[in-house]
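Source file: start28.txt; contents: compact mmCIF, C-alpha atoms.
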```txt
# COMPACT_ATOMS: atom_id res chain seq x y z
CA MET A 29 -200.81 -53.61 -38.06
CA MET A 30 -202.49 -56.16 -35.86
CA THR A 31 -201.29 -58.99 -38.07
CA ALA A 32 -197.64 -57.92 -38.06
CA HIS A 33 -197.63 -57.53 -34.32
CA SER A 34 -199.26 -60.91 -33.84
CA ASP A 35 -196.73 -62.64 -36.07
CA GLU A 36 -193.89 -61.07 -34.15
CA ASN A 37 -195.35 -62.33 -30.86
CA ILE A 38 -195.86 -65.76 -32.30
CA ASN A 39 -192.23 -65.95 -33.48
CA LYS A 40 -190.98 -64.72 -30.14
CA ASN A 41 -192.99 -67.30 -28.28
CA ALA A 42 -191.77 -70.00 -30.63
CA ARG A 43 -188.13 -69.04 -29.96
CA GLU A 44 -188.70 -69.11 -26.22
CA VAL A 45 -190.35 -72.52 -26.49
CA ASN A 46 -187.44 -73.84 -28.52
CA GLU A 47 -184.89 -72.47 -26.01
CA VAL A 48 -186.79 -74.01 -23.13
CA ALA A 49 -187.02 -77.33 -24.99
CA GLU A 50 -183.29 -77.35 -25.91
CA GLU A 51 -181.99 -76.62 -22.39
CA PRO A 52 -182.92 -80.03 -20.78
CA ILE A 53 -181.36 -81.91 -23.70
CA SER A 54 -177.98 -80.18 -23.15
CA GLN A 55 -178.08 -80.96 -19.45
CA ARG A 56 -178.91 -84.56 -20.11
CA ARG A 57 -175.97 -84.86 -22.49
CA THR A 58 -173.62 -83.38 -19.87
CA ARG A 59 -174.79 -85.82 -17.21
CA TRP A 60 -174.38 -88.71 -19.66
CA TRP A 61 -170.70 -87.81 -20.34
CA VAL A 62 -170.05 -87.48 -16.63
CA TRP A 63 -171.36 -91.00 -16.02
CA VAL A 64 -169.32 -92.32 -18.93
CA LEU A 65 -166.15 -90.74 -17.56
CA LEU A 66 -166.83 -92.00 -14.04
CA THR A 67 -167.46 -95.54 -15.33
CA LEU A 68 -164.26 -95.46 -17.36
CA GLY A 69 -162.37 -94.18 -14.30
CA VAL A 70 -163.69 -97.00 -12.14
CA ILE A 71 -162.78 -99.54 -14.81
CA VAL A 72 -159.26 -98.15 -15.15
CA VAL A 73 -158.69 -98.01 -11.37
CA SER A 74 -160.07 -101.54 -10.95
CA GLY A 75 -157.80 -102.78 -13.70
CA LEU A 76 -154.75 -101.13 -12.16
CA LEU A 77 -155.57 -102.46 -8.70
CA GLY A 78 -156.15 -105.96 -10.02
CA GLY A 79 -152.90 -105.84 -11.94
CA TRP A 80 -150.98 -104.67 -8.87
CA LEU A 81 -152.47 -107.42 -6.69
CA GLY A 82 -151.71 -110.00 -9.36
CA TYR A 83 -148.14 -108.73 -9.60
CA GLN A 84 -147.68 -109.00 -5.82
CA ALA A 85 -149.04 -112.55 -5.78
CA SER A 86 -146.80 -113.49 -8.68
CA LEU A 87 -143.82 -111.89 -6.94
CA GLN A 88 -144.47 -113.88 -3.75
CA ASP A 89 -144.76 -117.12 -5.74
CA ARG A 90 -141.52 -116.35 -7.55
CA LEU A 91 -139.69 -115.57 -4.31
CA ALA A 92 -140.99 -118.79 -2.73
CA GLU A 93 -139.85 -120.76 -5.76
CA GLU A 94 -136.42 -119.12 -5.61
CA GLU A 95 -136.12 -120.10 -1.91
CA ASN A 96 -137.05 -123.68 -2.74
CA GLN A 97 -134.45 -123.76 -5.50
CA LYS A 98 -131.84 -122.34 -3.12
CA ALA A 99 -132.66 -125.02 -0.57
CA VAL A 100 -132.30 -127.77 -3.19
CA VAL A 101 -129.01 -126.36 -4.48
CA ALA A 102 -127.68 -125.89 -0.93
CA ALA A 103 -128.55 -129.47 0.03
CA THR A 104 -126.91 -130.82 -3.11
CA GLN A 105 -123.73 -128.81 -2.60
CA TYR A 106 -123.61 -129.82 1.07
CA GLN A 107 -123.71 -133.52 0.19
CA LEU A 108 -121.01 -133.00 -2.43
CA GLY A 109 -118.95 -131.13 0.17
CA VAL A 110 -119.25 -134.05 2.58
CA ALA A 111 -118.08 -136.39 -0.18
CA ASP A 112 -115.13 -134.09 -0.92
CA LEU A 113 -114.18 -134.13 2.77
CA ALA A 114 -114.23 -137.92 2.86
CA ALA A 115 -112.05 -138.05 -0.27
CA GLY A 116 -109.56 -135.51 1.06
CA ARG A 117 -110.49 -132.81 -1.48
CA PHE A 118 -110.45 -130.11 1.17
CA ASP A 119 -110.21 -127.07 -1.12
CA SER A 120 -113.21 -128.23 -3.14
CA ALA A 121 -115.09 -128.98 0.08
CA ARG A 122 -114.28 -125.51 1.42
CA LYS A 123 -115.70 -123.84 -1.70
CA ARG A 124 -118.85 -125.93 -1.57
CA PHE A 125 -119.52 -125.20 2.12
CA GLU A 126 -118.86 -121.48 1.59
CA TYR A 127 -121.35 -121.51 -1.29
CA VAL A 128 -123.92 -123.32 0.87
CA LEU A 129 -123.49 -120.70 3.61
CA SER A 130 -123.90 -117.90 1.07
CA LEU A 131 -127.25 -119.40 0.07
CA LYS A 132 -128.38 -120.55 3.51
CA PRO A 133 -126.31 -119.07 6.38
CA ASP A 134 -128.08 -121.35 8.87
CA PHE A 135 -127.84 -124.55 6.83
CA PRO A 136 -127.35 -127.44 9.32
CA GLY A 137 -123.79 -128.80 9.41
CA ALA A 138 -122.38 -126.38 6.83
CA MET A 139 -120.34 -124.36 9.33
CA GLU A 140 -118.89 -127.53 10.89
CA GLY A 141 -118.03 -128.86 7.43
CA LEU A 142 -116.25 -125.62 6.57
CA ALA A 143 -114.22 -125.86 9.78
CA GLN A 144 -113.14 -129.43 8.95
CA ALA A 145 -112.23 -128.42 5.40
CA MET A 146 -110.09 -125.55 6.69
CA MET A 147 -108.30 -127.87 9.10
CA GLY A 148 -107.70 -130.33 6.29
CA LEU A 149 -106.17 -127.59 4.17
CA THR A 150 -103.91 -126.65 7.06
CA LEU A 151 -102.58 -130.19 7.23
CA GLN A 152 -101.86 -130.23 3.50
CA MET A 153 -99.67 -127.15 3.71
CA THR A 154 -96.03 -127.78 3.03
CA PRO A 155 -93.44 -126.50 5.50
CA THR A 156 -91.82 -123.19 4.65
CA ALA A 157 -88.60 -123.61 2.69
CA THR A 158 -85.38 -122.86 4.51
CA PRO A 159 -84.37 -119.29 3.62
CA THR A 160 -81.00 -118.48 2.15
CA PRO A 161 -78.32 -117.08 4.47
CA THR A 162 -78.60 -113.62 2.91
CA GLN A 163 -82.34 -113.50 3.73
CA GLU A 164 -82.29 -115.43 6.99
CA PRO A 165 -85.22 -114.52 9.31
CA THR A 166 -84.81 -113.80 12.96
CA PRO A 167 -84.02 -116.80 15.20
CA ASP A 168 -87.43 -116.62 16.92
CA THR A 169 -89.34 -116.77 13.62
CA ARG A 170 -87.24 -119.65 12.37
CA LYS A 171 -87.96 -121.59 15.55
CA GLU A 172 -91.69 -120.95 15.24
CA GLU A 173 -91.75 -122.11 11.63
CA GLU A 174 -89.81 -125.23 12.58
CA LEU A 175 -92.26 -126.04 15.37
CA PHE A 176 -95.22 -125.43 13.08
CA ALA A 177 -93.79 -127.86 10.54
CA GLN A 178 -93.22 -130.44 13.30
CA ILE A 179 -96.85 -130.16 14.35
CA GLN A 180 -97.99 -130.72 10.78
CA GLN A 181 -95.81 -133.81 10.46
CA ALA A 182 -97.03 -135.22 13.77
CA LEU A 183 -100.65 -134.83 12.66
CA LEU A 184 -99.91 -136.53 9.35
CA ASN A 185 -98.28 -139.40 11.28
CA LYS A 186 -101.29 -139.55 13.66
CA GLU A 187 -98.98 -138.85 16.60
CA TRP A 188 -101.64 -136.88 18.44
CA GLN A 189 -99.88 -136.47 21.79
CA THR A 190 -96.67 -135.33 20.09
CA ALA A 191 -98.65 -132.74 18.15
CA ILE A 192 -100.28 -131.45 21.35
CA ASP A 193 -96.95 -131.23 23.17
CA THR A 194 -95.38 -129.33 20.28
CA ILE A 195 -98.34 -126.95 20.10
CA GLU A 196 -97.85 -126.15 23.77
CA VAL A 197 -94.18 -125.36 23.14
CA LEU A 198 -95.09 -123.13 20.18
CA ARG A 199 -97.70 -121.27 22.22
CA LYS A 200 -95.25 -120.60 25.02
CA LEU A 201 -92.80 -119.25 22.47
CA ASN A 202 -95.31 -117.09 20.56
CA LEU A 203 -98.99 -117.22 21.44
CA THR A 204 -100.05 -115.19 18.39
CA TYR A 205 -98.09 -117.10 15.74
CA ARG A 206 -100.65 -118.32 13.13
CA ALA A 207 -103.20 -118.52 15.93
CA VAL A 208 -106.16 -119.64 13.77
CA ASP A 209 -104.19 -122.45 12.12
CA VAL A 210 -102.74 -123.59 15.43
CA ASP A 211 -106.19 -123.65 17.03
CA GLY A 212 -107.45 -125.84 14.21
CA MET A 213 -104.52 -128.20 14.61
CA TYR A 214 -105.04 -128.28 18.38
CA TYR A 215 -108.69 -129.24 17.85
CA LEU A 216 -107.74 -132.02 15.44
CA ALA A 217 -105.10 -133.46 17.77
CA LEU A 218 -107.33 -133.32 20.87
CA ARG A 219 -110.30 -134.81 19.05
CA ASN A 220 -108.38 -137.76 17.64
CA LEU A 221 -106.42 -138.35 20.84
CA GLY A 222 -109.68 -138.46 22.79
CA VAL A 223 -111.16 -141.02 20.40
CA LYS A 224 -107.96 -143.08 20.62
CA ASN A 225 -108.06 -142.94 24.43
CA ILE A 226 -111.60 -144.32 24.40
CA LEU A 227 -111.44 -146.90 21.61
CA GLU A 228 -107.87 -148.18 21.84
CA ASP A 229 -106.29 -147.32 25.17
CA GLY A 230 -109.13 -147.98 27.62
CA LEU A 231 -108.56 -144.53 29.14
CA LEU A 232 -112.19 -143.51 29.17
CA GLU A 233 -111.98 -140.58 31.58
CA VAL A 234 -108.91 -139.19 29.83
CA GLY A 235 -110.64 -139.53 26.47
CA ILE A 236 -113.72 -137.73 27.74
CA TYR A 237 -111.50 -134.93 29.03
CA ASN A 238 -109.63 -134.53 25.73
CA LEU A 239 -112.86 -134.43 23.72
CA THR A 240 -114.21 -131.78 26.08
CA LEU A 241 -111.07 -129.69 25.50
CA ALA A 242 -111.42 -130.11 21.74
CA GLU A 243 -115.00 -128.87 21.95
CA ARG A 244 -113.72 -125.48 23.11
CA PHE A 245 -112.23 -124.89 19.65
CA ALA A 246 -115.02 -126.28 17.43
CA PRO A 247 -118.13 -128.46 17.69
CA LEU A 248 -117.46 -132.19 17.89
CA ASP A 249 -118.50 -134.37 14.99
CA VAL A 250 -121.22 -136.99 15.47
CA ASP A 251 -118.81 -139.90 15.86
CA ALA A 252 -116.77 -138.20 18.57
CA GLN A 253 -119.92 -137.21 20.43
CA ASN A 254 -121.18 -140.81 20.35
CA TYR A 255 -117.86 -142.20 21.62
CA ARG A 256 -117.96 -139.78 24.53
CA ILE A 257 -121.54 -140.81 25.36
CA TRP A 258 -120.65 -144.53 25.31
CA ALA A 259 -117.59 -143.90 27.51
CA ARG A 260 -119.70 -142.08 30.08
CA GLN A 261 -122.30 -144.86 30.05
CA TYR A 262 -119.59 -147.49 30.52
CA LEU A 263 -118.23 -145.67 33.58
CA SER A 264 -121.73 -145.23 34.98
CA ALA A 265 -122.56 -148.92 34.49
CA ALA A 266 -119.26 -150.05 36.01
CA SER A 267 -119.96 -147.95 39.11
CA PHE A 268 -122.79 -150.39 40.00
CA TRP A 269 -120.54 -153.45 39.64
CA GLY A 270 -121.19 -155.87 42.50
CA VAL A 271 -123.81 -153.51 43.93
CA ASP A 272 -126.77 -153.65 41.55
CA TRP A 273 -126.50 -156.42 38.97
CA ALA A 274 -129.83 -155.53 37.38
CA ARG A 275 -128.56 -152.06 36.48
CA VAL A 276 -125.24 -153.38 35.28
CA VAL A 277 -126.97 -155.84 32.94
CA ASN A 278 -129.36 -153.18 31.69
CA TYR A 279 -126.62 -150.64 30.94
CA PHE A 280 -124.15 -153.02 29.33
CA SER A 281 -126.91 -154.60 27.24
CA GLN A 282 -127.09 -151.22 25.50
CA ILE A 283 -123.34 -150.64 25.26
CA TYR A 284 -121.86 -153.91 24.04
CA PRO A 285 -123.90 -154.25 20.80
CA ALA A 286 -122.58 -150.84 19.67
CA LEU A 287 -119.00 -151.06 21.00
CA PRO A 288 -118.34 -154.67 22.06
CA ASN A 289 -114.61 -154.05 22.72
CA LEU A 290 -115.01 -150.84 24.70
CA ARG A 291 -113.07 -151.26 27.93
CA ASP A 292 -111.73 -149.36 30.91
CA GLY A 293 -108.42 -149.61 32.75
CA SER A 294 -109.27 -153.12 33.99
CA GLY A 295 -109.15 -154.43 30.44
CA MET A 296 -112.68 -155.87 30.72
CA THR A 297 -114.63 -155.24 27.56
CA ALA A 298 -118.27 -154.22 27.55
CA THR A 299 -119.12 -157.68 26.18
CA GLU A 300 -117.33 -159.48 28.99
CA ARG A 301 -118.91 -157.27 31.61
CA PHE A 302 -122.35 -157.99 30.19
CA ARG A 303 -121.65 -161.75 30.19
CA ILE A 304 -120.43 -161.86 33.79
CA ALA A 305 -123.13 -159.50 35.05
CA SER A 306 -125.80 -161.63 33.35
CA ILE A 307 -124.57 -164.71 35.23
CA LYS A 308 -124.46 -162.87 38.55
CA TYR A 309 -127.92 -161.44 38.04
CA ALA A 310 -129.24 -164.86 37.04
CA ASP A 311 -127.76 -166.32 40.24
CA GLN A 312 -129.59 -163.68 42.22
CA LEU A 313 -132.90 -164.34 40.46
CA ALA A 314 -132.58 -168.10 40.85
CA ALA A 315 -131.92 -167.73 44.58
CA GLN A 316 -135.17 -165.76 44.78
CA GLY A 317 -137.11 -168.49 42.97
CA GLN A 318 -137.49 -166.52 39.71
CA TYR A 319 -136.33 -169.46 37.62
CA CYS A 320 -137.68 -168.48 34.21
CA GLU A 321 -136.19 -165.00 34.46
CA ALA A 322 -132.90 -166.50 35.61
CA GLN A 323 -132.94 -168.92 32.66
CA LEU A 324 -133.14 -165.96 30.25
CA HIS A 325 -130.03 -164.29 31.68
CA TYR A 326 -128.04 -167.54 31.85
CA GLU A 327 -128.85 -168.12 28.18
CA ASN A 328 -127.80 -164.56 27.30
CA ALA A 329 -124.44 -165.15 28.98
CA LEU A 330 -123.84 -168.50 27.30
CA ALA A 331 -124.81 -167.05 23.93
CA ILE A 332 -121.72 -164.85 24.17
CA ALA A 333 -119.32 -167.58 25.27
CA PRO A 334 -119.69 -171.19 26.54
CA ASP A 335 -119.02 -171.76 30.24
CA PRO A 336 -118.85 -175.34 31.63
CA GLN A 337 -119.45 -174.05 35.16
CA VAL A 338 -122.66 -172.27 34.19
CA GLN A 339 -124.15 -174.89 31.84
CA PRO A 340 -125.28 -177.34 34.61
CA THR A 341 -126.90 -174.46 36.51
CA LEU A 342 -128.78 -173.44 33.37
CA GLU A 343 -130.09 -176.99 32.89
CA ALA A 344 -131.31 -177.13 36.49
CA VAL A 345 -133.00 -173.75 36.19
CA ARG A 346 -134.69 -174.83 32.96
CA ASN A 347 -136.17 -177.82 34.74
CA TRP A 348 -137.36 -175.67 37.63
CA CYS A 349 -138.84 -173.14 35.20
CA ALA A 350 -140.79 -175.90 33.42
CA ASN A 351 -141.69 -177.71 36.67
CA PRO A 352 -141.40 -175.35 39.63
CA PRO A 353 -140.25 -177.16 42.77
CA GLY A 354 -142.66 -177.33 45.67
CA VAL A 355 -140.08 -176.14 48.18
CA GLU A 356 -139.15 -172.47 48.22
CA PRO A 357 -135.39 -171.96 47.77
CA THR A 358 -133.41 -170.59 50.67
CA PRO A 359 -130.58 -168.14 49.93
CA THR A 360 -128.25 -169.79 52.47
CA GLU A 361 -128.17 -173.17 50.70
CA THR A 362 -126.11 -173.74 47.58
CA PRO A 363 -126.87 -177.19 46.10
CA THR A 364 -124.73 -178.76 43.41
CA PRO A 365 -126.07 -179.01 39.84
CA GLY A 366 -128.12 -182.12 39.09
CA THR A 367 -128.62 -183.23 42.72
CA ALA A 368 -130.01 -180.21 44.52
CA THR A 369 -133.57 -179.13 44.68
CA LEU A 370 -132.56 -175.46 44.65
CA PRO A 371 -130.81 -173.38 41.94
CA VAL A 372 -127.04 -173.23 42.02
CA PRO A 373 -125.36 -169.81 41.72
CA SER A 374 -122.49 -169.91 39.27
CA ASP A 375 -118.90 -169.59 40.36
CA THR A 376 -117.60 -167.22 37.71
CA PRO A 377 -114.76 -165.10 39.19
CA THR A 378 -115.17 -161.33 39.01
CA PRO A 379 -113.00 -158.42 40.18
CA GLU A 380 -113.31 -157.62 43.88
CA THR A 381 -113.55 -153.89 43.26
CA THR A 382 -114.85 -151.78 40.44
CA PRO A 383 -111.90 -150.82 38.21
CA THR A 384 -111.68 -147.29 36.97
CA SER A 385 -110.10 -146.03 33.82
```

Serialized structure, C-alpha cells:
Amino acid sequence: MMTAHSDENINKNAREVNEVAEEPISQRRTRWWVWVLLTLGVIVVSGLLGGWLGYQASLQDRLAEEENQKAVVAATQYQLGVADLAAGRFDSARKRFEYVLSLKPDFPGAMEGLAQAMMGLTLQMTPTATPTPTQEPTPDTRKEEELFAQIQQALLNKEWQTAIDTIEVLRKLNLTYRAVDVDGMYYLALRNLGVKNILEDGLLEVGIYNLTLAERFAPLDVDAQNYRIWARQYLSAASFWGVDWARVVNYFSQIYPALPNLRDGSGMTATERFRIASIKYADQLAAQGQYCEAQLHYENALAIAPDPQVQPTLEAVRNWCANPPGVEPTPTETPTPGTATLPVPSDTPTPETTPTS
C-alpha cells in the first residue's frame, strides 16, 4: 500500500514539475512572435514612408522639368511668332502667340505680339462684297461697311491721317460698329503717324502727342517708345539753345549718333545743332582761357563738317593749348586769327530764338 501511494505522489509531482517547466517556454514563444510582428510592421511602415517620400521628390523633379520644357517651348514659339510678324504671316503669328500664352500667361512680349498679329489680320481682311439689290442692307450699315473698307485701304496705302479722319467719321456714325477692329486700326494709324511726325515731318510735339494717344489702345512697341524718348530729349536740349551751351552740347552729343537727321520745325537736324553748339561752347571756353578744352570742341565740330571761319580759330587755340600765353584773355577783346594773343570766337550764324516744333 505504501509503495502504490508513493508512486502516485511521485507521478503527480512529476506532472506538476513538467507543467511548471512548460509554462515559461510558451510565454517566451508568444513574446518572440510579438517582437517579430512588431519588427515586420516597422519595416513595412518604413518602406511605405520611404516610398511615399521618394514619390513626392520624383513628382517635384518631374514638375520642375515640365516647367523648364514649357519655358523652352514658349521661348521658341515666341521667336517664331516674331519672325512670322516680320514676314506678314499674321495668322501663323497669332496661333504661336496664343500657344505661348497658354503655356506661360505672363510670358514677356507675348500679349503685345498677339495684339500686333490681330491688327495685321484686320488689315488683310477684304472689304465686304456689295450685296445684291434683293438683299440690300439698310443704308446706315452700307455706309459703315464702306467707311470700314476706306479705313483699311488708307492703312494699306500708309495714309495715316486719312485713316484717322475716316475712323472719326465712322465712330460718329456708329460708335459700336466693329469696335475692337476699329480700335486696332486706330492704334495702328496713330502709332505710325506719330513716328512719321517725328522722323519725317519735324513735328516732334505732334508726334509725341499721337504716340501718347496710340498708347491708350495698346502698349507701344520698342521702336516707337525710343522715337518718343529722342523727340523729348531733342526738345529739352533745344530749350537751352543760346542759354547754356554746355548742356546743349551734352544733350545733342547723345541724340545725333542715334538719329542724326532728327529735326524740329526749324529744320535744324540734331547733327547740325551739335556742330553749331560745339563751336559756341568752344568760343566760350576759349574766352575763359580753357584752350585745351576748347580745342576738343572745335575739333568735334570740324569733324562733322569743314568750316573755313572756324579753322583759323582752332589753329590758334591749338598753339595756346600747347604753349599757354602769359597774358590772361579778356572777354571784351576779340583778336583776329593768327595775329591776336587771345582766342577768337567763331562767327557761325545761329538762330536768334529757339525754334519749336

List the residues sitting within 7 Å of (-107.0, -126.2, 9.3) in the file's frame, using only C-alpha atoms, as a CSV table (one decimal) with C-alpha atoms, in the coordinates of the input.
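Here's the written file part-v5.csv:
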```csv
chain,number,residue,atom,x,y,z
A,144,GLN,CA,-113.1,-129.4,9.0
A,145,ALA,CA,-112.2,-128.4,5.4
A,146,MET,CA,-110.1,-125.6,6.7
A,147,MET,CA,-108.3,-127.9,9.1
A,148,GLY,CA,-107.7,-130.3,6.3
A,149,LEU,CA,-106.2,-127.6,4.2
A,150,THR,CA,-103.9,-126.6,7.1
A,151,LEU,CA,-102.6,-130.2,7.2
A,209,ASP,CA,-104.2,-122.4,12.1
A,212,GLY,CA,-107.4,-125.8,14.2
A,213,MET,CA,-104.5,-128.2,14.6
```

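Atom pair CA of Glu140 (chain A) / CA of Arg206 (chain A): separated by 20.6 Å.
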
**Request:** Name the closest residue to Gln339 (chain A) among the candidates A:Ala114, A:Glu321, A:Ile307, A:Met139; distances are taken between atoms, counting all atoms listed in the file.
**Result:** A:Ile307

**Message:** Set the distance at 9 Å and use all atoms listed in the file: which residues neighbour Arg301 (chain A) once local chain neighbours fewer than 2 positions away are removed? I'd like the list as a VMD selection string.
**Reply:** chain A and resid 266 276 to 277 280 284 296 to 299 303 to 306

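Closest approach to Leu330 (chain A) from the set A:Leu76, A:Val64, A:Glu343, A:Ala115 is made by A:Glu343, with distances taken over all atoms listed in the file.
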
**Request:** Record the distance separating CA of Asp119 (chain A) and CA of Val197 (chain A), expressed in Å with one decimal.
**Result:**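 So the answer is 29.1 Å.
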
**Contact residues around region 230-236 of chain A with all atoms listed in the file at 12 Å, ignoring same-chain residues under 3 positions, as a PyMOL selection string** = chain A and resi 217-227+239-243+248+252-264+266+289-298+383-385

**Among the residues A:Gln84, A:Gln178, A:Gln107, A:Gln323, the one that comes closest to Cys349 (chain A) [using only C-alpha atoms]** =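 Under the stated criterion, the closest residue is A:Gln323.
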
**Request:** Could you jot down the CA of Thr204 (chain A) to CA of Lys123 (chain A) separation for me, Å, one decimal place?
**Result:**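 Rounded to one decimal, the two atoms are 26.9 Å apart.
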
**Asked** Taking into account all atoms listed in the file, which residue in the set A:Ala85, A:Leu129, A:Leu175, A:Ala207 is nearest to Asp193 (chain A)?
**Response** A:Leu175

**Asked** Restricting the calculation to all atoms listed in the file, which member of A:Asn185, A:Gln312, A:Gln180, A:Thr190 is positioned closest to Gly270 (chain A)?
**Response**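 Closest to Gly270 (chain A), using all atoms listed in the file: A:Gln312.
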
**Asked** So, counting only C-alpha atoms, which residue among A:Val271, A:Ile332, A:Leu65, A:Val250 is closest to Pro285 (chain A)?
**Response**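 Going through A:Val271, A:Ile332, A:Leu65, A:Val250 one by one, the smallest distance to Pro285 (chain A) is for A:Ile332.
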
**Message:** Could you list, as a PyMOL selection string, every residue within 12 Å of region 134-136 of chain A, counting only C-alpha atoms and ignoring same-chain residues fewer than 2 positions away?
**Reply:** chain A and resi 98-107+125-132+138-142
